[in-house]
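A short write-up of the structure that comes next.
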Amino acid sequence: MRIPLIAGNWKMNNLIHQGVELVLKLRELTKGVNEVEIVVAPPFTSLYHLKFLLAGSPIKLAAQNLFWEKSGAYTGEVSAGMLKDVGCEYVIIGHSERRQYFHETEDAVNKKLLAAIGAGIKPIVCVGETLEERESGKTLEIVKFHVEKALTGKTGLAQGAIKDLTIAYEPVWAIGTGVNATPEEAEEVHNYIRELLFELFETNHAKDVRIIYGGSVKPSNIDSLMAQPNIDGALVGGACLKAEDFARIVKFQRA
Ligand code: 13P
């Protein structure tokens, strides 16, 4: 059984007081929702404060990035252990914005994934093609490359370790553009990722990995996306910054 996961990636938005306001509203608006896992991923600067605000609430904390070393002379970086310390249950890894602006490689994504799992933090690994790649018919090839490199990389992932893994399919052309992948387009890729997982891991582990969709998710399209059999949730950008919109997404209606 895969419990739906709706995660809000705040990206580089919200000062601490704005984050507090958003989370307080969200707590109210999602009261009574217990069949969906709700996650917020604020900037590092808000994590400590929000940890206390979310104590006793079902809303969980995620970070947007981490570094794979445990500690040491890595100016500006934050380790998996530090994220655990500040109350993160999840971490987003390999977002296309990190790949694009910070030159994050497949190898880095793999190392971050292993570091997160090693520290007991659940990774949400992002994969997805650019518009150019989609238009040249390379979508599945790119997604396969991202998934295989992230999960097996140089040091393969232990079978049991994938139970806490979430994969986010985020087509780059759909991020922040207002143009989402249609439910059918997304389902085709999600189904393909599921098959890949069955190839890479044992069935009883692979079947439990959640594959969530990200890219212009909003209240008006969440219901049809969630109606697809292999869409297990959403990674929401823009729409998660408004409590009402994010709460509506969390409270998606099953078809
Ligand atoms: P948008 O929802 O703004 O398209 O962003 C998606 C995203 O990048 C989530 O990680």
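Going by the structure tokens order, chains are called A, B, ..., each with residues numbered from 1, while ligands are numbered from 1 in the order shown.
Excluding Ile117 in chain A and any residue on its chain fewer than 6 positions from it, the residues at most 9 Å away by only C-alpha atoms are Ala80, Pro123, Ala161, Ile162, Asp164 and Leu165 of chain A.
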Report as JSON lines the residues of chain A within 7 Å of ligand 1, each with its shortest atom pair and distance in Å (one decimal), using only C-alpha atoms and all ligand atoms, ordered by chain and increasing residue number.
```
{"residue": "A:Asn9", "atom": "CA", "partner": "ligand 1", "partner_atom_place_in_ligand_line": "10 (O)", "distance": 5.2}
{"residue": "A:His95", "atom": "CA", "partner": "ligand 1", "partner_atom_place_in_ligand_line": "10 (O)", "distance": 6.6}
{"residue": "A:Glu170", "atom": "CA", "partner": "ligand 1", "partner_atom_place_in_ligand_line": "8 (O)", "distance": 6.9}
{"residue": "A:Ala174", "atom": "CA", "partner": "ligand 1", "partner_atom_place_in_ligand_line": "4 (O)", "distance": 5.9}
{"residue": "A:Ile175", "atom": "CA", "partner": "ligand 1", "partner_atom_place_in_ligand_line": "4 (O)", "distance": 3.5}
{"residue": "A:Gly176", "atom": "CA", "partner": "ligand 1", "partner_atom_place_in_ligand_line": "4 (O)", "distance": 3.5}
{"residue": "A:Thr177", "atom": "CA", "partner": "ligand 1", "partner_atom_place_in_ligand_line": "4 (O)", "distance": 6.1}
{"residue": "A:Gly178", "atom": "CA", "partner": "ligand 1", "partner_atom_place_in_ligand_line": "4 (O)", "distance": 6.5}
{"residue": "A:Gly214", "atom": "CA", "partner": "ligand 1", "partner_atom_place_in_ligand_line": "6 (C)", "distance": 5.0}
{"residue": "A:Gly215", "atom": "CA", "partner": "ligand 1", "partner_atom_place_in_ligand_line": "4 (O)", "distance": 3.8}
{"residue": "A:Ser216", "atom": "CA", "partner": "ligand 1", "partner_atom_place_in_ligand_line": "4 (O)", "distance": 3.5}
{"residue": "A:Val217", "atom": "CA", "partner": "ligand 1", "partner_atom_place_in_ligand_line": "2 (O)", "distance": 5.1}
{"residue": "A:Leu235", "atom": "CA", "partner": "ligand 1", "partner_atom_place_in_ligand_line": "9 (C)", "distance": 4.9}
{"residue": "A:Val236", "atom": "CA", "partner": "ligand 1", "partner_atom_place_in_ligand_line": "2 (O)", "distance": 4.3}
{"residue": "A:Gly237", "atom": "CA", "partner": "ligand 1", "partner_atom_place_in_ligand_line": "2 (O)", "distance": 3.3}
{"residue": "A:Gly238", "atom": "CA", "partner": "ligand 1", "partner_atom_place_in_ligand_line": "3 (O)", "distance": 3.7}
{"residue": "A:Ala239", "atom": "CA", "partner": "ligand 1", "partner_atom_place_in_ligand_line": "2 (O)", "distance": 6.0}
```
Same residues, C-alpha atoms, output as a PDB file, in the first residue's frame:
```pdb
ATOM      1  CA  ASN A   9       8.966  22.701  -2.194  1.00  0.00           C
ATOM      2  CA  HIS A  95      16.079  18.888  -8.281  1.00  0.00           C
ATOM      3  CA  GLU A 170       9.460  16.515 -12.686  1.00  0.00           C
ATOM      4  CA  ALA A 174       6.532  21.823 -16.704  1.00  0.00           C
ATOM      5  CA  ILE A 175       8.283  23.472 -13.751  1.00  0.00           C
ATOM      6  CA  GLY A 176       7.071  26.978 -13.049  1.00  0.00           C
ATOM      7  CA  THR A 177       5.566  27.301 -16.535  1.00  0.00           C
ATOM      8  CA  GLY A 178       1.897  26.744 -15.737  1.00  0.00           C
ATOM      9  CA  GLY A 214       5.933  17.690  -9.991  1.00  0.00           C
ATOM     10  CA  GLY A 215       5.532  20.514 -12.502  1.00  0.00           C
ATOM     11  CA  SER A 216       2.769  23.140 -12.364  1.00  0.00           C
ATOM     12  CA  VAL A 217       0.610  21.130  -9.968  1.00  0.00           C
ATOM     13  CA  LEU A 235       5.868  17.747  -5.443  1.00  0.00           C
ATOM     14  CA  VAL A 236       4.418  21.229  -5.561  1.00  0.00           C
ATOM     15  CA  GLY A 237       6.338  24.460  -6.178  1.00  0.00           C
ATOM     16  CA  GLY A 238       4.488  27.732  -6.790  1.00  0.00           C
ATOM     17  CA  ALA A 239       1.105  26.569  -5.507  1.00  0.00           C
TER      18      ALA A 239
END
```
Fewer than 6 positions away in the same chain doesn't count, so skip those; otherwise give me all residues within 10 Å of Leu197 in chain A, counting only C-alpha atoms, as a compact mmCIF listing (two decimals) with C-alpha atoms, in the first residue's frame.
```txt
# COMPACT_ATOMS: atom_id res chain seq x y z
CA LYS A 144 16.07 5.78 -17.16
CA VAL A 147 16.91 6.77 -12.11
CA GLU A 148 19.64 4.19 -12.72
CA LEU A 151 19.96 4.48 -7.41
CA ILE A 162 14.58 1.59 -1.18
CA ASN A 191 4.62 3.43 -15.17
CA THR A 203 9.27 -6.86 -6.41
CA HIS A 205 10.54 -3.62 -2.29
CA ALA A 206 9.97 -1.93 -5.67
CA LYS A 207 6.20 -1.99 -5.41
CA VAL A 209 8.37 3.08 -3.76
```
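Considering only C-alpha atoms, the residue among A:Met1, A:Ile124, A:Val78, A:Val36 positioned nearest to Ala62 in chain A is A:Ile124.
Excluding Arg27 in chain A itself and any same-chain residue fewer than 6 positions from it, the protein and nucleic acid residues within 12 Å of it, counting only C-alpha atoms, are Val20, Glu21, Val33, Ile38, Val39, Val40, Leu50, Leu53, Leu54, Ala55, Gly56, Ser57, Pro58, Ile59, Lys60, Ala243, Glu244, Phe246, Ala247 and Val250 of chain A.
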| request: Output as an MDAnalysis selection string all residues of range 122-223 of chain A that backbone DSSP marks as helix (DSSP H, G or I). | output: chainID A and resid 131:135 139:151 159:164 172:174 183:200 203:206 219:223
| message | I'd like the contact shell of Ala227 in chain A - 12 Å cut-off, only C-alpha atoms, skipping same-chain residues fewer than 6 positions apart - returned as an MDAnalysis selection string. | response | chainID A and resid 4 182:184 186:187 221 233 252:255
Please write the residues from the selection above to a file, keeping C-alpha atoms, as an mmCIF file, in the first residue's frame.
```
data_model
loop_
_atom_site.group_PDB
_atom_site.id
_atom_site.type_symbol
_atom_site.label_atom_id
_atom_site.label_comp_id
_atom_site.auth_asym_id
_atom_site.auth_seq_id
_atom_site.Cartn_x
_atom_site.Cartn_y
_atom_site.Cartn_z
ATOM 1 C CA PRO A 4 -0.070 9.397 -1.087
ATOM 2 C CA THR A 182 -1.171 15.726 -18.849
ATOM 3 C CA PRO A 183 -2.184 12.927 -16.480
ATOM 4 C CA GLU A 184 -1.652 10.465 -19.357
ATOM 5 C CA ALA A 186 2.834 11.658 -16.530
ATOM 6 C CA GLU A 187 1.353 8.175 -16.061
ATOM 7 C CA ASN A 221 -5.234 19.621 -12.014
ATOM 8 C CA GLY A 233 1.449 12.152 -4.912
ATOM 9 C CA PHE A 252 -7.347 16.009 -3.645
ATOM 10 C CA GLN A 253 -10.499 14.177 -4.692
ATOM 11 C CA ARG A 254 -10.190 10.619 -5.890
ATOM 12 C CA ALA A 255 -12.049 10.104 -9.188
#
```
Got a sec: who's within 12 Å of Trp68 in chain A, counting only C-alpha atoms, leaving out chain neighbours fewer than 2 positions off, as an mmCIF file with all heavy atoms, in the first residue's frame?
```cif
data_model
loop_
_atom_site.group_PDB
_atom_site.id
_atom_site.type_symbol
_atom_site.label_atom_id
_atom_site.label_comp_id
_atom_site.auth_asym_id
_atom_site.auth_seq_id
_atom_site.Cartn_x
_atom_site.Cartn_y
_atom_site.Cartn_z
ATOM 1 N N ASN A 65 18.066 20.154 0.073
ATOM 2 C CA ASN A 65 19.380 19.738 -0.405
ATOM 3 C C ASN A 65 20.188 19.243 0.794
ATOM 4 O O ASN A 65 19.798 19.476 1.944
ATOM 5 C CB ASN A 65 20.082 20.941 -1.046
ATOM 6 C CG ASN A 65 21.420 20.588 -1.667
ATOM 7 O OD1 ASN A 65 21.649 19.461 -2.123
ATOM 8 N ND2 ASN A 65 22.325 21.544 -1.682
ATOM 9 N N LEU A 66 21.288 18.573 0.533
ATOM 10 C CA LEU A 66 22.248 18.226 1.580
ATOM 11 C C LEU A 66 23.601 17.985 0.933
ATOM 12 O O LEU A 66 23.693 17.917 -0.308
ATOM 13 C CB LEU A 66 21.812 16.975 2.360
ATOM 14 C CG LEU A 66 22.133 15.601 1.739
ATOM 15 C CD1 LEU A 66 21.967 14.508 2.774
ATOM 16 C CD2 LEU A 66 21.256 15.282 0.572
ATOM 17 N N LYS A 70 29.973 13.719 6.193
ATOM 18 C CA LYS A 70 29.357 13.787 7.531
ATOM 19 C C LYS A 70 29.649 15.102 8.240
ATOM 20 O O LYS A 70 28.817 15.664 8.939
ATOM 21 C CB LYS A 70 29.844 12.623 8.392
ATOM 22 C CG LYS A 70 29.239 11.291 7.966
ATOM 23 C CD LYS A 70 29.442 10.245 9.069
ATOM 24 C CE LYS A 70 28.652 8.984 8.833
ATOM 25 N NZ LYS A 70 29.151 8.139 7.756
ATOM 26 N N SER A 71 30.898 15.606 8.077
ATOM 27 C CA SER A 71 31.304 16.866 8.713
ATOM 28 C C SER A 71 32.646 17.262 8.106
ATOM 29 O O SER A 71 33.226 16.494 7.341
ATOM 30 C CB SER A 71 31.464 16.691 10.224
ATOM 31 O OG SER A 71 32.493 15.741 10.478
ATOM 32 N N GLY A 72 33.134 18.442 8.454
ATOM 33 C CA GLY A 72 34.471 18.823 7.995
ATOM 34 C C GLY A 72 34.506 20.152 7.274
ATOM 35 O O GLY A 72 33.582 20.971 7.378
ATOM 36 N N TYR A 74 33.838 21.966 4.628
ATOM 37 C CA TYR A 74 33.025 22.093 3.416
ATOM 38 C C TYR A 74 32.153 23.342 3.572
ATOM 39 O O TYR A 74 30.944 23.255 3.829
ATOM 40 C CB TYR A 74 32.162 20.846 3.205
ATOM 41 C CG TYR A 74 32.998 19.585 3.134
ATOM 42 C CD1 TYR A 74 33.075 18.715 4.218
ATOM 43 C CD2 TYR A 74 33.751 19.297 1.989
ATOM 44 C CE1 TYR A 74 33.872 17.591 4.164
ATOM 45 C CE2 TYR A 74 34.549 18.170 1.936
ATOM 46 C CZ TYR A 74 34.616 17.319 3.022
ATOM 47 O OH TYR A 74 35.401 16.206 2.975
ATOM 48 N N GLU A 77 28.108 24.086 3.359
ATOM 49 C CA GLU A 77 27.315 22.863 3.151
ATOM 50 C C GLU A 77 26.650 22.383 4.445
ATOM 51 O O GLU A 77 27.054 22.754 5.540
ATOM 52 C CB GLU A 77 28.198 21.755 2.573
ATOM 53 C CG GLU A 77 28.731 22.064 1.178
ATOM 54 C CD GLU A 77 27.636 22.211 0.137
ATOM 55 O OE1 GLU A 77 26.598 21.540 0.243
ATOM 56 O OE2 GLU A 77 27.815 23.022 -0.798
ATOM 57 N N VAL A 78 25.645 21.529 4.279
ATOM 58 C CA VAL A 78 24.870 21.011 5.399
ATOM 59 C C VAL A 78 24.776 19.489 5.248
ATOM 60 O O VAL A 78 24.447 18.995 4.167
ATOM 61 C CB VAL A 78 23.457 21.648 5.397
ATOM 62 C CG1 VAL A 78 22.563 20.999 6.434
ATOM 63 C CG2 VAL A 78 23.540 23.153 5.640
ATOM 64 N N SER A 79 25.084 18.760 6.316
ATOM 65 C CA SER A 79 25.124 17.291 6.219
ATOM 66 C C SER A 79 23.768 16.656 6.527
ATOM 67 O O SER A 79 22.875 17.296 7.099
ATOM 68 C CB SER A 79 26.153 16.730 7.197
ATOM 69 O OG SER A 79 25.648 16.868 8.516
ATOM 70 N N ALA A 80 23.673 15.366 6.189
ATOM 71 C CA ALA A 80 22.446 14.619 6.478
ATOM 72 C C ALA A 80 22.196 14.573 7.992
ATOM 73 O O ALA A 80 21.063 14.710 8.450
ATOM 74 C CB ALA A 80 22.561 13.209 5.913
ATOM 75 N N GLY A 81 23.280 14.404 8.773
ATOM 76 C CA GLY A 81 23.133 14.355 10.227
ATOM 77 C C GLY A 81 22.585 15.670 10.777
ATOM 78 O O GLY A 81 21.796 15.693 11.724
ATOM 79 N N MET A 82 23.013 16.771 10.173
ATOM 80 C CA MET A 82 22.503 18.081 10.615
ATOM 81 C C MET A 82 21.012 18.213 10.293
ATOM 82 O O MET A 82 20.250 18.800 11.074
ATOM 83 C CB MET A 82 23.291 19.194 9.920
ATOM 84 C CG MET A 82 24.714 19.318 10.417
ATOM 85 S SD MET A 82 25.662 20.410 9.336
ATOM 86 C CE MET A 82 27.239 20.356 10.169
ATOM 87 N N LEU A 83 20.624 17.666 9.177
ATOM 88 C CA LEU A 83 19.193 17.727 8.811
ATOM 89 C C LEU A 83 18.362 16.896 9.780
ATOM 90 O O LEU A 83 17.268 17.286 10.173
ATOM 91 C CB LEU A 83 18.985 17.221 7.379
ATOM 92 C CG LEU A 83 19.617 18.062 6.271
ATOM 93 C CD1 LEU A 83 19.237 17.503 4.907
ATOM 94 C CD2 LEU A 83 19.204 19.531 6.374
ATOM 95 N N ILE A 93 16.386 15.647 -3.350
ATOM 96 C CA ILE A 93 17.721 15.482 -3.931
ATOM 97 C C ILE A 93 17.635 15.555 -5.460
ATOM 98 O O ILE A 93 16.724 14.988 -6.066
ATOM 99 C CB ILE A 93 18.333 14.122 -3.511
ATOM 100 C CG1 ILE A 93 18.517 14.067 -1.989
ATOM 101 C CG2 ILE A 93 19.665 13.874 -4.216
ATOM 102 C CD1 ILE A 93 18.998 12.733 -1.460
ATOM 103 N N ASP A 107 26.515 11.611 -10.261
ATOM 104 C CA ASP A 107 27.338 11.060 -9.198
ATOM 105 C C ASP A 107 27.023 11.747 -7.861
ATOM 106 O O ASP A 107 26.894 11.096 -6.812
ATOM 107 C CB ASP A 107 28.818 11.262 -9.592
ATOM 108 C CG ASP A 107 29.749 10.582 -8.617
ATOM 109 O OD1 ASP A 107 29.419 9.458 -8.193
ATOM 110 O OD2 ASP A 107 30.790 11.174 -8.272
ATOM 111 N N ALA A 108 26.864 13.073 -7.909
ATOM 112 C CA ALA A 108 26.536 13.819 -6.691
ATOM 113 C C ALA A 108 25.162 13.393 -6.164
ATOM 114 O O ALA A 108 24.975 13.215 -4.950
ATOM 115 C CB ALA A 108 26.545 15.320 -6.977
ATOM 116 N N VAL A 109 24.222 13.219 -7.072
ATOM 117 C CA VAL A 109 22.873 12.812 -6.670
ATOM 118 C C VAL A 109 22.944 11.456 -5.961
ATOM 119 O O VAL A 109 22.342 11.248 -4.913
ATOM 120 C CB VAL A 109 21.921 12.750 -7.898
ATOM 121 C CG1 VAL A 109 20.580 12.123 -7.527
ATOM 122 C CG2 VAL A 109 21.713 14.149 -8.478
ATOM 123 N N ASN A 110 23.701 10.541 -6.528
ATOM 124 C CA ASN A 110 23.866 9.211 -5.928
ATOM 125 C C ASN A 110 24.489 9.291 -4.536
ATOM 126 O O ASN A 110 24.018 8.664 -3.575
ATOM 127 C CB ASN A 110 24.714 8.346 -6.868
ATOM 128 C CG ASN A 110 25.051 6.998 -6.255
ATOM 129 O OD1 ASN A 110 26.196 6.733 -5.922
ATOM 130 N ND2 ASN A 110 24.056 6.157 -6.076
ATOM 131 N N LYS A 111 25.531 10.122 -4.398
ATOM 132 C CA LYS A 111 26.196 10.230 -3.089
ATOM 133 C C LYS A 111 25.261 10.847 -2.050
ATOM 134 O O LYS A 111 25.255 10.458 -0.873
ATOM 135 C CB LYS A 111 27.440 11.097 -3.212
ATOM 136 C CG LYS A 111 28.615 10.383 -3.883
ATOM 137 C CD LYS A 111 29.804 11.308 -3.836
ATOM 138 C CE LYS A 111 31.030 10.755 -4.481
ATOM 139 N NZ LYS A 111 31.833 11.806 -5.119
ATOM 140 N N LYS A 112 24.492 11.831 -2.476
ATOM 141 C CA LYS A 112 23.555 12.481 -1.554
ATOM 142 C C LYS A 112 22.472 11.501 -1.108
ATOM 143 O O LYS A 112 22.078 11.477 0.064
ATOM 144 C CB LYS A 112 22.938 13.710 -2.226
ATOM 145 C CG LYS A 112 23.947 14.829 -2.414
ATOM 146 C CD LYS A 112 23.349 16.060 -3.056
ATOM 147 C CE LYS A 112 24.439 17.130 -3.185
ATOM 148 N NZ LYS A 112 23.892 18.474 -3.424
ATOM 149 N N LEU A 113 22.009 10.704 -2.066
ATOM 150 C CA LEU A 113 20.987 9.708 -1.761
ATOM 151 C C LEU A 113 21.495 8.722 -0.700
ATOM 152 O O LEU A 113 20.811 8.426 0.287
ATOM 153 C CB LEU A 113 20.648 8.963 -3.054
ATOM 154 C CG LEU A 113 19.725 7.767 -2.948
ATOM 155 C CD1 LEU A 113 18.287 8.239 -2.901
ATOM 156 C CD2 LEU A 113 19.904 6.836 -4.116
ATOM 157 N N LEU A 114 22.703 8.244 -0.891
ATOM 158 C CA LEU A 114 23.273 7.274 0.051
ATOM 159 C C LEU A 114 23.508 7.909 1.418
ATOM 160 O O LEU A 114 23.280 7.286 2.454
ATOM 161 C CB LEU A 114 24.575 6.694 -0.514
ATOM 162 C CG LEU A 114 24.408 5.839 -1.784
ATOM 163 C CD1 LEU A 114 25.755 5.493 -2.390
ATOM 164 C CD2 LEU A 114 23.612 4.575 -1.499
ATOM 165 N N ALA A 115 23.944 9.176 1.413
ATOM 166 C CA ALA A 115 24.168 9.875 2.687
ATOM 167 C C ALA A 115 22.847 10.052 3.431
ATOM 168 O O ALA A 115 22.777 9.866 4.656
ATOM 169 C CB ALA A 115 24.816 11.237 2.431
ATOM 170 N N ALA A 116 21.799 10.391 2.706
ATOM 171 C CA ALA A 116 20.492 10.587 3.343
ATOM 172 C C ALA A 116 20.029 9.278 3.970
ATOM 173 O O ALA A 116 19.668 9.234 5.155
ATOM 174 C CB ALA A 116 19.473 11.085 2.316
ATOM 175 N N ILE A 117 20.062 8.210 3.204
ATOM 176 C CA ILE A 117 19.600 6.915 3.708
ATOM 177 C C ILE A 117 20.448 6.480 4.910
ATOM 178 O O ILE A 117 19.921 5.999 5.915
ATOM 179 C CB ILE A 117 19.617 5.861 2.573
ATOM 180 C CG1 ILE A 117 18.469 6.165 1.618
ATOM 181 C CG2 ILE A 117 19.494 4.442 3.134
ATOM 182 C CD1 ILE A 117 18.404 5.318 0.389
ATOM 183 N N GLY A 118 21.749 6.737 4.818
ATOM 184 C CA GLY A 118 22.651 6.379 5.917
ATOM 185 C C GLY A 118 22.303 7.093 7.208
ATOM 186 O O GLY A 118 22.525 6.578 8.309
ATOM 187 N N ALA A 119 21.744 8.300 7.097
ATOM 188 C CA ALA A 119 21.408 9.080 8.296
ATOM 189 C C ALA A 119 19.946 8.891 8.700
ATOM 190 O O ALA A 119 19.457 9.537 9.620
ATOM 191 C CB ALA A 119 21.689 10.557 8.033
#
```
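Running DSSP on the backbone and keeping only strand (DSSP E or B), the residues of range 32-102 of chain A that qualify are Glu37, Ile38, Val39, Val40, Ala41, Lys60, Leu61, Ala62, Ala63, Phe67, Ser79, Tyr90, Val91, Ile92 and Ile93 of chain A.
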